Amino acid sequence: MTPELFGRALRLSRSPATAEDLVQDTVERALRFAASYEPGTNLRAWVHQILFSVFITRCRRSRRERNALDVLASDPCAWTAPEGCAETHALSPGVWRALATLPPSFRDTVVLVDLEEMSYKDAAARLGVPVGTVMSRLHRGRKLLAEALQGESVAGVKAAA
């Protein structure tokens, strides 16, 4: 399956070297978690899902590293400053209002995962709930936020008219 995995990894990453690393990490992870594979199910789909998960994890890690380097480039002492969420300060007032309308459990989950870029596992630990609950709350919270933002834009259009 490695040639097939390499083809997909190449399409995802657009870099032969990165694609090779993705395939190697995928095979390593598949071997490490072989006990979780259920015989009789689609092995190809299972391995391709592992490849996609590895790719997404690398993208997120790369984005966090780029953001950290950007911050350090503009403020070399930033690593000594207390951690905070600078991105949340850049939200528009309308987004803040829409976020404030969410029930606290959904709002907290959206803020931790989407704004603070926390992993599902870390967010679950911080909130004291299972990872599945974080995923469910995130889905519903995003949906509620989208509806609130749509209502916000409709109200803005009516106010402007």
# chains A, B, ... in the order shown; residues from 1 in each chain; ligands from 1

$ select_by_dssp --residues "chain A" --states "alpha helix (DSSP H)" --output "ChimeraX atom specification"
/A:2-13,16-32,43-74,86-89,93-100,104-110,120-127,131-160

$ residues_around --residues "Leu22 (chain A)" --least-positions-apart "4" --cutoff "9 Å" --atoms "only C-alpha atoms" --output "compact mmCIF listing (two decimals) with N, CA and C atoms, in the first residue's frame"
# COMPACT_ATOMS: atom_id res chain seq x y z
N LEU A 5 -0.21 5.13 -0.81
CA LEU A 5 -0.12 6.12 0.26
C LEU A 5 0.77 7.29 -0.16
N PHE A 6 1.88 6.97 -0.83
CA PHE A 6 2.79 8.03 -1.28
C PHE A 6 2.08 8.96 -2.26
N ALA A 9 -0.21 11.15 -0.25
CA ALA A 9 0.59 12.07 0.56
C ALA A 9 1.18 13.17 -0.33
N LEU A 10 1.59 12.81 -1.53
CA LEU A 10 2.14 13.79 -2.47
C LEU A 10 1.07 14.80 -2.89
N SER A 13 0.56 17.06 0.31
CA SER A 13 1.68 17.92 0.73
C SER A 13 2.34 18.69 -0.40
N ALA A 17 9.57 15.02 -0.54
CA ALA A 17 10.25 14.72 0.73
C ALA A 17 9.24 14.65 1.88
N THR A 18 8.31 15.59 1.91
CA THR A 18 7.28 15.58 2.95
C THR A 18 6.38 14.36 2.80
N THR A 26 2.98 7.31 8.81
CA THR A 26 1.73 6.56 8.72
C THR A 26 1.96 5.07 8.97
N VAL A 27 2.97 4.52 8.32
CA VAL A 27 3.27 3.09 8.50
C VAL A 27 3.67 2.82 9.95
N LEU A 51 -3.09 8.30 7.54
CA LEU A 51 -2.29 9.22 6.73
C LEU A 51 -2.85 10.64 6.83
N PHE A 52 -4.15 10.77 6.70
CA PHE A 52 -4.76 12.09 6.74
C PHE A 52 -4.59 12.73 8.13
N VAL A 54 -2.14 12.15 10.25
CA VAL A 54 -0.74 12.55 10.37
C VAL A 54 -0.51 13.86 9.62
N PHE A 55 -1.09 13.98 8.42
CA PHE A 55 -0.96 15.20 7.63
C PHE A 55 -1.53 16.41 8.37
N ARG A 58 0.64 17.48 11.28
CA ARG A 58 1.83 18.21 10.82
C ARG A 58 1.48 19.63 10.41

$ closest_residue --among "A:Ala35, A:Val129, A:Ala100, A:Val47" --to "Ala148 (chain A)" --atoms "only C-alpha atoms"
A:Ala100

$ closest_residue --among "A:Leu102, A:Val111, A:Leu12, A:Ala19" --to "Leu144 (chain A)" --atoms "only C-alpha atoms"
A:Leu102

$ atom_distance --atom1 "CA of Gly151 (chain A)" --atom2 "CA of Phe106 (chain A)"
17.9 Å

$ atom_distance --atom1 "CA of Leu149 (chain A)" --atom2 "CA of Cys59 (chain A)"
27.5 Å

$ atom_distance --atom1 "CA of Pro103 (chain A)" --atom2 "CA of Gly141 (chain A)"
8.3 Å

$ residues_around --residues "Ala125 (chain A)" --least-positions-apart "6" --cutoff "12 Å" --atoms "only C-alpha atoms" --output "ChimeraX atom specification"
/A:109,112,118-119,131-134

$ residues_around --residues "Arg44 (chain A)" --least-positions-apart "5" --cutoff "10 Å" --atoms "only C-alpha atoms" --output "list in words"
Met1, Glu4, Leu5, Gln49 and Ile50 of chain A

$ write_last_selection --atoms "all heavy atoms" --output "PDB file, in the first residue's frame"
ATOM      1  N   MET A   1       0.803  -1.211   0.000  1.00  0.00           N
ATOM      2  CA  MET A   1       0.000   0.000   0.000  1.00  0.00           C
ATOM      3  C   MET A   1       0.845   1.274   0.000  1.00  0.00           C
ATOM      4  O   MET A   1       0.303   2.359  -0.179  1.00  0.00           O
ATOM      5  CB  MET A   1      -0.936   0.019   1.219  1.00  0.00           C
ATOM      6  CG  MET A   1      -2.016  -1.043   1.179  1.00  0.00           C
ATOM      7  SD  MET A   1      -3.068  -1.024   2.632  1.00  0.00           S
ATOM      8  CE  MET A   1      -3.950   0.478   2.387  1.00  0.00           C
ATOM      9  N   GLU A   4       0.541   3.655  -3.056  1.00  0.00           N
ATOM     10  CA  GLU A   4      -0.756   4.338  -3.036  1.00  0.00           C
ATOM     11  C   GLU A   4      -0.764   5.445  -1.969  1.00  0.00           C
ATOM     12  O   GLU A   4      -1.242   6.557  -2.194  1.00  0.00           O
ATOM     13  CB  GLU A   4      -1.849   3.307  -2.749  1.00  0.00           C
ATOM     14  CG  GLU A   4      -3.241   3.867  -2.733  1.00  0.00           C
ATOM     15  CD  GLU A   4      -4.270   2.779  -2.438  1.00  0.00           C
ATOM     16  OE1 GLU A   4      -3.994   1.580  -2.657  1.00  0.00           O
ATOM     17  OE2 GLU A   4      -5.352   3.152  -1.963  1.00  0.00           O
ATOM     18  N   LEU A   5      -0.214   5.128  -0.807  1.00  0.00           N
ATOM     19  CA  LEU A   5      -0.123   6.123   0.264  1.00  0.00           C
ATOM     20  C   LEU A   5       0.774   7.289  -0.157  1.00  0.00           C
ATOM     21  O   LEU A   5       0.471   8.448   0.135  1.00  0.00           O
ATOM     22  CB  LEU A   5       0.414   5.487   1.549  1.00  0.00           C
ATOM     23  CG  LEU A   5      -0.519   4.528   2.273  1.00  0.00           C
ATOM     24  CD1 LEU A   5       0.208   3.842   3.415  1.00  0.00           C
ATOM     25  CD2 LEU A   5      -1.749   5.255   2.779  1.00  0.00           C
ATOM     26  N   GLN A  49      -6.972   6.932   6.581  1.00  0.00           N
ATOM     27  CA  GLN A  49      -7.390   7.843   7.646  1.00  0.00           C
ATOM     28  C   GLN A  49      -6.202   8.190   8.540  1.00  0.00           C
ATOM     29  O   GLN A  49      -6.054   9.330   8.975  1.00  0.00           O
ATOM     30  CB  GLN A  49      -8.523   7.233   8.483  1.00  0.00           C
ATOM     31  CG  GLN A  49      -9.048   8.174   9.549  1.00  0.00           C
ATOM     32  CD  GLN A  49      -9.579   9.478   8.983  1.00  0.00           C
ATOM     33  OE1 GLN A  49     -10.331   9.488   8.023  1.00  0.00           O
ATOM     34  NE2 GLN A  49      -9.178  10.596   9.562  1.00  0.00           N
ATOM     35  N   ILE A  50      -5.353   7.212   8.804  1.00  0.00           N
ATOM     36  CA  ILE A  50      -4.137   7.477   9.587  1.00  0.00           C
ATOM     37  C   ILE A  50      -3.263   8.485   8.845  1.00  0.00           C
ATOM     38  O   ILE A  50      -2.757   9.447   9.444  1.00  0.00           O
ATOM     39  CB  ILE A  50      -3.361   6.173   9.873  1.00  0.00           C
ATOM     40  CG1 ILE A  50      -4.156   5.270  10.813  1.00  0.00           C
ATOM     41  CG2 ILE A  50      -1.982   6.474  10.461  1.00  0.00           C
ATOM     42  CD1 ILE A  50      -3.565   3.890  10.996  1.00  0.00           C
TER      43      ILE A  50
END

$ residues_around --residues "Ser36 (chain A)" --least-positions-apart "4" --cutoff "12 Å" --atoms "only C-alpha atoms" --output "NGL selection string"
:A and (29-32 or 41 or 43 or 46-47 or 50)

$ write_last_selection --atoms "all heavy atoms" --output "tab-separated table (two decimals), in the first residue's frame"
chain	number	residue	atom	x	y	z
A	29	ARG	N	2.81	4.51	12.61
A	29	ARG	CA	1.63	4.63	13.48
A	29	ARG	C	0.69	3.44	13.28
A	29	ARG	O	0.11	2.93	14.24
A	29	ARG	CB	0.90	5.93	13.18
A	29	ARG	CG	-0.16	6.24	14.24
A	29	ARG	CD	-0.80	7.57	14.03
A	29	ARG	NE	0.11	8.65	14.38
A	29	ARG	CZ	-0.21	9.93	14.36
A	29	ARG	NH1	-1.43	10.28	14.00
A	29	ARG	NH2	0.65	10.85	14.69
A	30	ALA	N	0.54	2.98	12.04
A	30	ALA	CA	-0.31	1.82	11.77
A	30	ALA	C	0.23	0.57	12.48
A	30	ALA	O	-0.54	-0.21	13.05
A	30	ALA	CB	-0.43	1.58	10.28
A	31	LEU	N	1.54	0.41	12.46
A	31	LEU	CA	2.14	-0.74	13.14
A	31	LEU	C	1.98	-0.61	14.66
A	31	LEU	O	1.69	-1.60	15.34
A	31	LEU	CB	3.62	-0.87	12.78
A	31	LEU	CG	3.90	-1.30	11.33
A	31	LEU	CD1	5.38	-1.21	11.03
A	31	LEU	CD2	3.36	-2.69	11.07
A	32	ARG	N	2.16	0.61	15.17
A	32	ARG	CA	2.06	0.82	16.62
A	32	ARG	C	0.63	0.57	17.11
A	32	ARG	O	0.42	0.05	18.20
A	32	ARG	CB	2.47	2.24	16.96
A	32	ARG	CG	2.55	2.47	18.45
A	32	ARG	CD	3.18	3.78	18.89
A	32	ARG	NE	3.52	4.71	17.84
A	32	ARG	CZ	3.17	6.00	17.84
A	32	ARG	NH1	2.49	6.50	18.84
A	32	ARG	NH2	3.53	6.79	16.87
A	41	THR	N	-12.64	-5.32	8.54
A	41	THR	CA	-13.05	-4.00	8.10
A	41	THR	C	-12.09	-3.53	7.00
A	41	THR	O	-11.12	-4.21	6.68
A	41	THR	CB	-13.03	-2.98	9.27
A	41	THR	OG1	-11.71	-2.92	9.81
A	41	THR	CG2	-14.01	-3.39	10.35
A	43	LEU	N	-9.18	-2.17	5.52
A	43	LEU	CA	-7.81	-1.82	5.90
A	43	LEU	C	-7.33	-0.58	5.15
A	43	LEU	O	-6.69	0.29	5.73
A	43	LEU	CB	-6.86	-2.99	5.64
A	43	LEU	CG	-5.39	-2.75	5.95
A	43	LEU	CD1	-5.20	-2.50	7.44
A	43	LEU	CD2	-4.54	-3.93	5.50
A	46	TRP	N	-8.72	2.50	6.72
A	46	TRP	CA	-8.10	2.71	8.03
A	46	TRP	C	-6.72	3.36	7.88
A	46	TRP	O	-6.41	4.34	8.54
A	46	TRP	CB	-8.01	1.37	8.76
A	46	TRP	CG	-7.48	1.44	10.15
A	46	TRP	CD1	-8.11	1.94	11.25
A	46	TRP	CD2	-6.21	0.95	10.62
A	46	TRP	NE1	-7.31	1.80	12.36
A	46	TRP	CE2	-6.14	1.20	12.00
A	46	TRP	CE3	-5.13	0.33	9.99
A	46	TRP	CZ2	-5.04	0.84	12.77
A	46	TRP	CZ3	-4.04	-0.03	10.76
A	46	TRP	CH2	-4.00	0.23	12.13
A	47	VAL	N	-5.92	2.83	6.95
A	47	VAL	CA	-4.57	3.36	6.75
A	47	VAL	C	-4.63	4.76	6.13
A	47	VAL	O	-3.86	5.64	6.52
A	47	VAL	CB	-3.72	2.39	5.89
A	47	VAL	CG1	-2.38	2.99	5.55
A	47	VAL	CG2	-3.54	1.07	6.61
A	50	ILE	N	-5.35	7.21	8.80
A	50	ILE	CA	-4.14	7.48	9.59
A	50	ILE	C	-3.26	8.48	8.85
A	50	ILE	O	-2.76	9.45	9.44
A	50	ILE	CB	-3.36	6.17	9.87
A	50	ILE	CG1	-4.16	5.27	10.81
A	50	ILE	CG2	-1.98	6.47	10.46
A	50	ILE	CD1	-3.56	3.89	11.00

$ residues_around --residues "Thr2 (chain A)" --least-positions-apart "5" --cutoff "9 Å" --atoms "only C-alpha atoms" --output "NGL selection string"
:A and (7 or 23-24 or 27)

$ decode --residues "region 96-118 of chain A" --atoms "N, CA and C atoms" --output "compact mmCIF listing (two decimals), in the first residue's frame"
# COMPACT_ATOMS: atom_id res chain seq x y z
N TRP A 96 -17.49 39.04 18.77
CA TRP A 96 -17.53 38.96 20.23
C TRP A 96 -18.96 38.84 20.73
N ARG A 97 -19.87 39.66 20.15
CA ARG A 97 -21.28 39.59 20.57
C ARG A 97 -21.87 38.23 20.25
N ALA A 98 -21.59 37.72 19.04
CA ALA A 98 -22.12 36.41 18.66
C ALA A 98 -21.55 35.32 19.56
N LEU A 99 -20.28 35.42 19.90
CA LEU A 99 -19.65 34.44 20.78
C LEU A 99 -20.28 34.49 22.17
N ALA A 100 -20.61 35.68 22.62
CA ALA A 100 -21.21 35.85 23.95
C ALA A 100 -22.61 35.25 24.04
N THR A 101 -23.27 35.08 22.90
CA THR A 101 -24.63 34.52 22.92
C THR A 101 -24.63 33.00 23.08
N LEU A 102 -23.48 32.37 22.87
CA LEU A 102 -23.41 30.90 22.97
C LEU A 102 -23.53 30.46 24.43
N PRO A 103 -24.14 29.29 24.66
CA PRO A 103 -24.12 28.73 26.02
C PRO A 103 -22.66 28.51 26.44
N PRO A 104 -22.36 28.70 27.72
CA PRO A 104 -20.97 28.64 28.19
C PRO A 104 -20.20 27.39 27.78
N SER A 105 -20.83 26.23 27.82
CA SER A 105 -20.10 25.01 27.47
C SER A 105 -19.64 25.02 26.02
N PHE A 106 -20.48 25.52 25.11
CA PHE A 106 -20.12 25.59 23.70
C PHE A 106 -19.10 26.70 23.47
N ARG A 107 -19.32 27.86 24.10
CA ARG A 107 -18.41 29.00 23.94
C ARG A 107 -17.01 28.63 24.40
N ASP A 108 -16.90 28.00 25.57
CA ASP A 108 -15.58 27.62 26.10
C ASP A 108 -14.87 26.66 25.15
N THR A 109 -15.60 25.71 24.61
CA THR A 109 -15.01 24.74 23.69
C THR A 109 -14.53 25.42 22.41
N VAL A 110 -15.35 26.29 21.84
CA VAL A 110 -14.97 27.00 20.61
C VAL A 110 -13.74 27.86 20.86
N VAL A 111 -13.71 28.56 21.99
CA VAL A 111 -12.58 29.43 22.30
C VAL A 111 -11.30 28.61 22.45
N LEU A 112 -11.36 27.50 23.20
CA LEU A 112 -10.16 26.69 23.42
C LEU A 112 -9.62 26.08 22.13
N VAL A 113 -10.50 25.49 21.33
CA VAL A 113 -10.05 24.76 20.14
C VAL A 113 -9.80 25.70 18.95
N ASP A 114 -10.73 26.59 18.67
CA ASP A 114 -10.60 27.42 17.47
C ASP A 114 -9.75 28.67 17.68
N LEU A 115 -9.89 29.33 18.81
CA LEU A 115 -9.16 30.57 19.00
C LEU A 115 -7.79 30.35 19.64
N GLU A 116 -7.73 29.48 20.63
CA GLU A 116 -6.45 29.21 21.28
C GLU A 116 -5.70 28.06 20.63
N GLU A 117 -6.31 27.45 19.59
CA GLU A 117 -5.70 26.35 18.83
C GLU A 117 -5.24 25.21 19.73
N MET A 118 -6.04 24.88 20.71
CA MET A 118 -5.73 23.78 21.62
C MET A 118 -6.20 22.47 20.98
